[in-house]
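Everything on this sheet refers to the single structure shown next.
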Amino acid sequence: MFDELHEECGVFGAYHVDEAAFSVYYGLHSLQHRGQEASGIAVYQDGRIETRKGKGLTIDVFNRPDLEQMKGRTAIGHVRYSTAGGQEAENIQPIVAHGHSGSIAIVHNGQIVNDMELRVELEQKGCIFQGTSDSEIILHMIMKERGSLLERVEKTARQLEGAFSFLVLQDDVIIAVRDKYGLRPLSYARNGEGYIISSETCAFEVQGIYDHVDVKPGEAVSFSRGLVRHHCYVDHPTSHMCAMEYIYFARPDSEIESINVHAFRKETGKMLARMDEDLDADLVIGVPDSSLSAAIGYAEESGVIMESGLVKNRFVTRTFIQPTQSLRDRGVRMKLTPVRDVVEGKSIVMIDDSIVRGTTSRRIVSLLKEAGAKEVHVRIASPIITSPCFYGVDTSTKKELIGANKTVEEIREYIQADSLKFMSCEDLKKAAGEVGLCTACFDGRYCSPLFSHEKSARGEE
Ligand code: SF4
């Protein structure tokens with residue numbers, strides 16, 4: 001119904017923390033924007049791994065008695081949005097496997113691109129899969145390797161291609177791993193005598209913690225015997241942080257590679273304003289929530305006032321019952337409502353973070369015009385999306401991406417805007433400063449080989 005991008009997941013871990021399950025619960029709650037389909041926690045307790053998980057938001061899956069029963073001091077957790085693997089219960093994480101060397105639990109954010117090849121190889125060696133997620137592939141590989149847990153995790157990570165930030169729990173040990181391209185964020189922070197580990201730093205701040213350390217690309221960080229050790233498992237890691245983390249996914253209060261997400265978005269808004277020196281608009285509005293920071297930047301740079309012209313209903317998620325055909329046209333209205341008093345008779349600059357298929361932008365422009373807006377000038381705080389993502393983001397196929405199939409003028413005409421501008425890829429990279437970005441969905445330059453996804457990347461399937 002809504003043509004938005006979706007992140008695959010968020011992970012959180014607590015090592016040697018009192019009431020670790022509660023700590024993970026609060027962490028997952030802060031990461032809920034990264035996945036709302038399912039939630040789960042695994043805790044190391046009395047020599048065993050206890051797991052609780054289910055479909056829905058973290059607050060719906062867990063209650064206080066559940067968490068009080070999970071008594072251990074080391075735990076990992078996950079919030080899920082499925083791109084690789086379906087929505088079946090077997091794919092809900094943490095996934096746990098039991099073997100001769102004990103039980104191991106895993107939580108994973110990202111997407112492995114050589115998943116088909118690895119799955120076939122493992123099946124030929126006799127592995128039986130419970131679900132269809134690529135995270136289970138990683139778990140089987142760790143189980144099959146020999147050596148210490150760290151050695152098995154490192155050997156596995158070296159064979160994986162694509163995007164992964166995952167946490168592995170065995171006994172009283174957590175290992176946090178990031179792929180060699182650094183596509184997905186992962187950081188940790190001191191918490192009393194122990195540590196907490198998270199996909200995003202916003203989850204530390206809710207626990208009153210403001211200092212953190214990033215797990216670097218190509219690193220495995222072990223939390224064991226009360227100590228933290230960093231191990232580089234590849235020779236030449238690179239920096240290709242997903243640009244969409246800054247543009248759309250991450251919370252504005254998160255810091256990724258030492259850049260605050262709100263500050264990054266504000267900068268992109270300023271860059272858009274500099275492209276518009278001749279535009280005479282009455283007000284700027286941002287599409288809530290992810291475009292508000294860019295709208296603030298635009299307003300600050302241009303001197304045009306910013307107003308709250310659209311109100312968002314935050315409770316329309318992927319689990320929201322799809323409307324019938326007759327109600328479908330009201331879909332965006334259920335999620336976004338224009339404020340008539342603000343927009344009526346005004347020439348508006350509408351800032352949005354991205355255009356995927358164009359249907360949502362078209363509906364928002366039409367809602368604003370129905371509410372009386374005189375002109376709607378759409379400014380997009382990212383370049384044109386022309387290629388699909390294979391690194392854990394649900395961006396449709398090339399066929400469905402409006403930017404892969406139409407010119408800017410054709411897109412403007414389709415969404416019925418009075419004018420339309422996108423940021424350039426060069427400006428996007430400038431906003432990131434020293435941080436190397438993955439910009440593959442804008443320029444088709446993937447940082448890894450794509451294996452079975454090559455054809456989709458070329459738009460051949
Ligand atoms: S292709 Fe796009 S969405 Fe995917 S990781 Fe790269 S920048 Fe992020």
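The chains in the structure tokens are called A, B, ... from first to last as shown; in each chain the residues are counted from 1, and the ligands are counted from 1 in the order shown.
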
Worksheet item: What's the 10 Å shell around segment 388-398 of chain A, counting only C-alpha atoms, without same-chain residues fewer than 6 positions away, as a ChimeraX atom specification?
Response: /A:3-9,81-84,109-113,161-164,183-184,242,244,249,356-357,404-405,438-442,444,446,448,450,453-454,456-461

Keeping only C-alpha atoms, take the residues you just selected and write them out as a compact mmCIF listing (two decimals), in the first residue's frame.
```txt
# COMPACT_ATOMS: atom_id res chain seq x y z
CA ASP A 3 5.85 2.48 -1.39
CA GLU A 4 8.41 3.08 1.30
CA LEU A 5 11.81 1.58 1.85
CA HIS A 6 12.11 -0.89 4.71
CA GLU A 7 15.18 -1.79 6.71
CA GLU A 8 15.61 -5.44 7.46
CA CYS A 9 16.32 -5.50 11.18
CA TYR A 81 11.39 -6.74 9.00
CA SER A 82 11.72 -9.53 6.44
CA THR A 83 13.39 -9.00 3.09
CA ALA A 84 15.46 -12.20 2.83
CA ASN A 109 20.92 -7.28 10.44
CA GLY A 110 21.68 -7.19 6.73
CA GLN A 111 21.51 -9.54 3.78
CA ILE A 112 24.01 -12.10 2.53
CA VAL A 113 24.35 -12.03 -1.28
CA GLU A 161 29.50 -11.74 0.98
CA GLY A 162 27.15 -8.80 1.39
CA ALA A 163 25.85 -6.94 4.39
CA PHE A 164 25.88 -8.25 7.92
CA LEU A 183 27.35 -1.63 5.18
CA ARG A 184 25.28 -1.77 8.38
CA CYS A 242 24.56 2.44 3.57
CA MET A 244 20.01 5.21 3.31
CA PHE A 249 16.37 4.48 8.32
CA VAL A 356 10.72 4.69 -4.72
CA ARG A 357 7.74 3.95 -6.98
CA ALA A 404 14.98 3.61 -13.28
CA ASN A 405 12.26 4.07 -15.87
CA CYS A 438 27.37 2.76 -0.37
CA THR A 439 25.37 4.61 -3.04
CA ALA A 440 24.55 1.56 -5.17
CA CYS A 441 20.81 2.21 -5.29
CA PHE A 442 21.60 5.63 -6.85
CA GLY A 444 24.36 0.94 -9.56
CA TYR A 446 27.71 -2.32 -5.76
CA SER A 448 30.54 -6.56 -3.49
CA LEU A 450 26.27 -10.05 -6.29
CA HIS A 453 21.43 -11.34 -7.80
CA GLU A 454 23.47 -10.12 -10.83
CA SER A 456 18.16 -8.54 -10.93
CA ALA A 457 20.76 -5.77 -10.65
CA ARG A 458 20.72 -5.46 -14.44
CA GLY A 459 16.90 -5.47 -14.42
CA GLU A 460 16.74 -8.78 -16.30
CA GLU A 461 14.36 -10.45 -13.83
```

Need to verify the contact set: segment 291-306 of chain A, 8 Å, only C-alpha atoms, exclusion of same-chain residues closer than 2 positions in sequence. Can you return it as an mmCIF file with N, CA, C and O atoms, in the first residue's frame?
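What ended up in part00.cif:
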```
data_model
loop_
_atom_site.group_PDB
_atom_site.id
_atom_site.type_symbol
_atom_site.label_atom_id
_atom_site.label_comp_id
_atom_site.auth_asym_id
_atom_site.auth_seq_id
_atom_site.Cartn_x
_atom_site.Cartn_y
_atom_site.Cartn_z
ATOM 1 N N TYR A 248 17.292 7.931 5.709
ATOM 2 C CA TYR A 248 15.940 7.500 6.033
ATOM 3 C C TYR A 248 15.807 6.578 7.244
ATOM 4 O O TYR A 248 14.944 6.795 8.092
ATOM 5 N N PRO A 252 17.023 10.125 14.124
ATOM 6 C CA PRO A 252 17.851 11.344 14.053
ATOM 7 C C PRO A 252 18.782 11.505 15.253
ATOM 8 O O PRO A 252 19.802 12.173 15.148
ATOM 9 N N HIS A 262 20.642 13.504 12.469
ATOM 10 C CA HIS A 262 19.878 14.753 12.299
ATOM 11 C C HIS A 262 20.746 15.801 11.585
ATOM 12 O O HIS A 262 20.285 16.469 10.651
ATOM 13 N N ALA A 263 22.014 15.931 12.029
ATOM 14 C CA ALA A 263 22.913 16.925 11.430
ATOM 15 C C ALA A 263 23.142 16.614 9.945
ATOM 16 O O ALA A 263 23.178 17.520 9.097
ATOM 17 N N ARG A 265 21.079 15.023 7.899
ATOM 18 C CA ARG A 265 19.863 15.339 7.130
ATOM 19 C C ARG A 265 19.681 16.850 6.975
ATOM 20 O O ARG A 265 19.248 17.336 5.935
ATOM 21 N N LYS A 266 20.019 17.574 8.040
ATOM 22 C CA LYS A 266 19.903 19.037 7.970
ATOM 23 C C LYS A 266 20.809 19.591 6.866
ATOM 24 O O LYS A 266 20.425 20.470 6.098
ATOM 25 N N GLU A 267 21.995 19.024 6.788
ATOM 26 C CA GLU A 267 22.951 19.452 5.763
ATOM 27 C C GLU A 267 22.398 19.189 4.360
ATOM 28 O O GLU A 267 22.537 20.026 3.468
ATOM 29 N N THR A 268 21.746 18.037 4.179
ATOM 30 C CA THR A 268 21.176 17.742 2.848
ATOM 31 C C THR A 268 20.066 18.754 2.517
ATOM 32 O O THR A 268 19.934 19.171 1.364
ATOM 33 N N GLY A 269 19.302 19.170 3.526
ATOM 34 C CA GLY A 269 18.259 20.181 3.320
ATOM 35 C C GLY A 269 18.876 21.504 2.879
ATOM 36 O O GLY A 269 18.359 22.183 1.980
ATOM 37 N N LYS A 270 19.999 21.853 3.502
ATOM 38 C CA LYS A 270 20.688 23.106 3.125
ATOM 39 C C LYS A 270 21.163 23.025 1.685
ATOM 40 O O LYS A 270 21.083 23.998 0.926
ATOM 41 N N MET A 271 21.678 21.850 1.315
ATOM 42 C CA MET A 271 22.158 21.671 -0.063
ATOM 43 C C MET A 271 21.000 21.839 -1.054
ATOM 44 O O MET A 271 21.150 22.457 -2.114
ATOM 45 N N LEU A 272 19.830 21.306 -0.700
ATOM 46 C CA LEU A 272 18.662 21.456 -1.586
ATOM 47 C C LEU A 272 18.273 22.933 -1.705
ATOM 48 O O LEU A 272 17.933 23.412 -2.791
ATOM 49 N N ALA A 273 18.350 23.649 -0.593
ATOM 50 C CA ALA A 273 17.971 25.076 -0.610
ATOM 51 C C ALA A 273 18.900 25.870 -1.537
ATOM 52 O O ALA A 273 18.456 26.792 -2.241
ATOM 53 N N ARG A 274 20.184 25.491 -1.553
ATOM 54 C CA ARG A 274 21.141 26.212 -2.414
ATOM 55 C C ARG A 274 20.846 25.991 -3.892
ATOM 56 O O ARG A 274 21.275 26.758 -4.744
ATOM 57 N N GLU A 277 17.765 29.038 -5.457
ATOM 58 C CA GLU A 277 17.857 30.454 -5.103
ATOM 59 C C GLU A 277 16.754 31.309 -5.710
ATOM 60 O O GLU A 277 16.383 32.345 -5.164
ATOM 61 N N ALA A 281 8.836 30.746 -2.467
ATOM 62 C CA ALA A 281 7.811 29.918 -1.805
ATOM 63 C C ALA A 281 7.358 30.575 -0.510
ATOM 64 O O ALA A 281 8.066 31.403 0.064
ATOM 65 N N ASP A 282 6.153 30.203 -0.032
ATOM 66 C CA ASP A 282 5.628 30.759 1.223
ATOM 67 C C ASP A 282 6.096 29.964 2.440
ATOM 68 O O ASP A 282 6.282 30.517 3.505
ATOM 69 N N LEU A 283 6.179 28.648 2.261
ATOM 70 C CA LEU A 283 6.601 27.845 3.410
ATOM 71 C C LEU A 283 7.204 26.509 2.992
ATOM 72 O O LEU A 283 7.012 26.057 1.864
ATOM 73 N N VAL A 284 7.944 25.929 3.944
ATOM 74 C CA VAL A 284 8.590 24.625 3.738
ATOM 75 C C VAL A 284 7.898 23.637 4.652
ATOM 76 O O VAL A 284 7.661 23.943 5.826
ATOM 77 N N ILE A 285 7.570 22.451 4.117
ATOM 78 C CA ILE A 285 7.095 21.399 5.012
ATOM 79 C C ILE A 285 7.917 20.139 4.762
ATOM 80 O O ILE A 285 8.389 19.896 3.656
ATOM 81 N N GLY A 286 8.100 19.338 5.818
ATOM 82 C CA GLY A 286 8.805 18.065 5.684
ATOM 83 C C GLY A 286 7.795 16.943 5.814
ATOM 84 O O GLY A 286 6.841 17.058 6.582
ATOM 85 N N VAL A 287 7.979 15.859 5.052
ATOM 86 C CA VAL A 287 7.106 14.698 5.219
ATOM 87 C C VAL A 287 7.585 13.984 6.481
ATOM 88 O O VAL A 287 8.732 13.568 6.558
ATOM 89 N N PRO A 288 6.711 13.877 7.506
ATOM 90 C CA PRO A 288 7.161 13.284 8.758
ATOM 91 C C PRO A 288 7.413 11.776 8.613
ATOM 92 O O PRO A 288 6.765 11.156 7.784
ATOM 93 N N ASP A 289 8.352 11.178 9.417
ATOM 94 C CA ASP A 289 9.227 11.884 10.348
ATOM 95 C C ASP A 289 10.612 12.114 9.750
ATOM 96 O O ASP A 289 11.299 13.046 10.117
ATOM 97 N N SER A 308 4.281 22.946 10.038
ATOM 98 C CA SER A 308 3.859 21.562 10.172
ATOM 99 C C SER A 308 2.637 21.371 9.277
ATOM 100 O O SER A 308 1.512 21.579 9.697
ATOM 101 N N ILE A 351 9.569 18.758 1.344
ATOM 102 C CA ILE A 351 10.811 17.973 1.386
ATOM 103 C C ILE A 351 10.471 16.528 1.733
ATOM 104 O O ILE A 351 9.791 16.270 2.727
ATOM 105 N N ASP A 352 10.956 15.601 0.911
ATOM 106 C CA ASP A 352 10.799 14.179 1.229
ATOM 107 C C ASP A 352 12.170 13.519 1.116
ATOM 108 O O ASP A 352 13.076 14.063 0.464
ATOM 109 N N ASP A 353 12.327 12.344 1.755
ATOM 110 C CA ASP A 353 13.656 11.727 1.770
ATOM 111 C C ASP A 353 13.989 10.969 0.503
ATOM 112 O O ASP A 353 15.146 10.874 0.121
ATOM 113 N N ALA A 381 15.592 14.747 -0.642
ATOM 114 C CA ALA A 381 16.899 14.824 0.043
ATOM 115 C C ALA A 381 17.745 13.573 -0.196
ATOM 116 O O ALA A 381 18.412 13.060 0.705
#
```

Worksheet item: Counting only C-alpha atoms and all ligand atoms, which of A:Arg362, A:Arg379, A:His240, A:Lys374 gets nearest to ligand 1?
Response: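 Smallest separation from ligand 1 among the options: A:His240.
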
Discussion item. Could you pull out the strand (DSSP E or B) residues of segment 21-211 of chain A, going by DSSP on the backbone, and write them as JSON, numbers by chain?
Written reply: {"A": [38, 39, 40, 41, 42, 43, 44, 45, 48, 49, 50, 51, 52, 53, 54, 55, 74, 75, 76, 77, 78, 79, 80, 95, 96, 97, 98, 99, 102, 103, 104, 105, 106, 107, 108, 109, 110, 111, 112, 162, 163, 164, 165, 166, 167, 168, 169, 170, 173, 174, 175, 176, 177, 178, 187, 188, 189, 190, 191, 194, 195, 196, 197, 198]}

Discussion item. Between A:His212, A:Lys55, A:His29, A:Arg445, which residue has the minimum interatomic distance to ligand 1, considering only C-alpha atoms and all ligand atoms?
Written reply: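 Smallest separation from ligand 1 among the options: A:Arg445.
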
Worksheet item: Which value, in Å to one decimal, gives the distance between atom 8 (Fe, counted along the ligand's line) of ligand 1 and atom CA of His33 of chain A?
Response: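 Distance between the two atoms: 16.0 Å.
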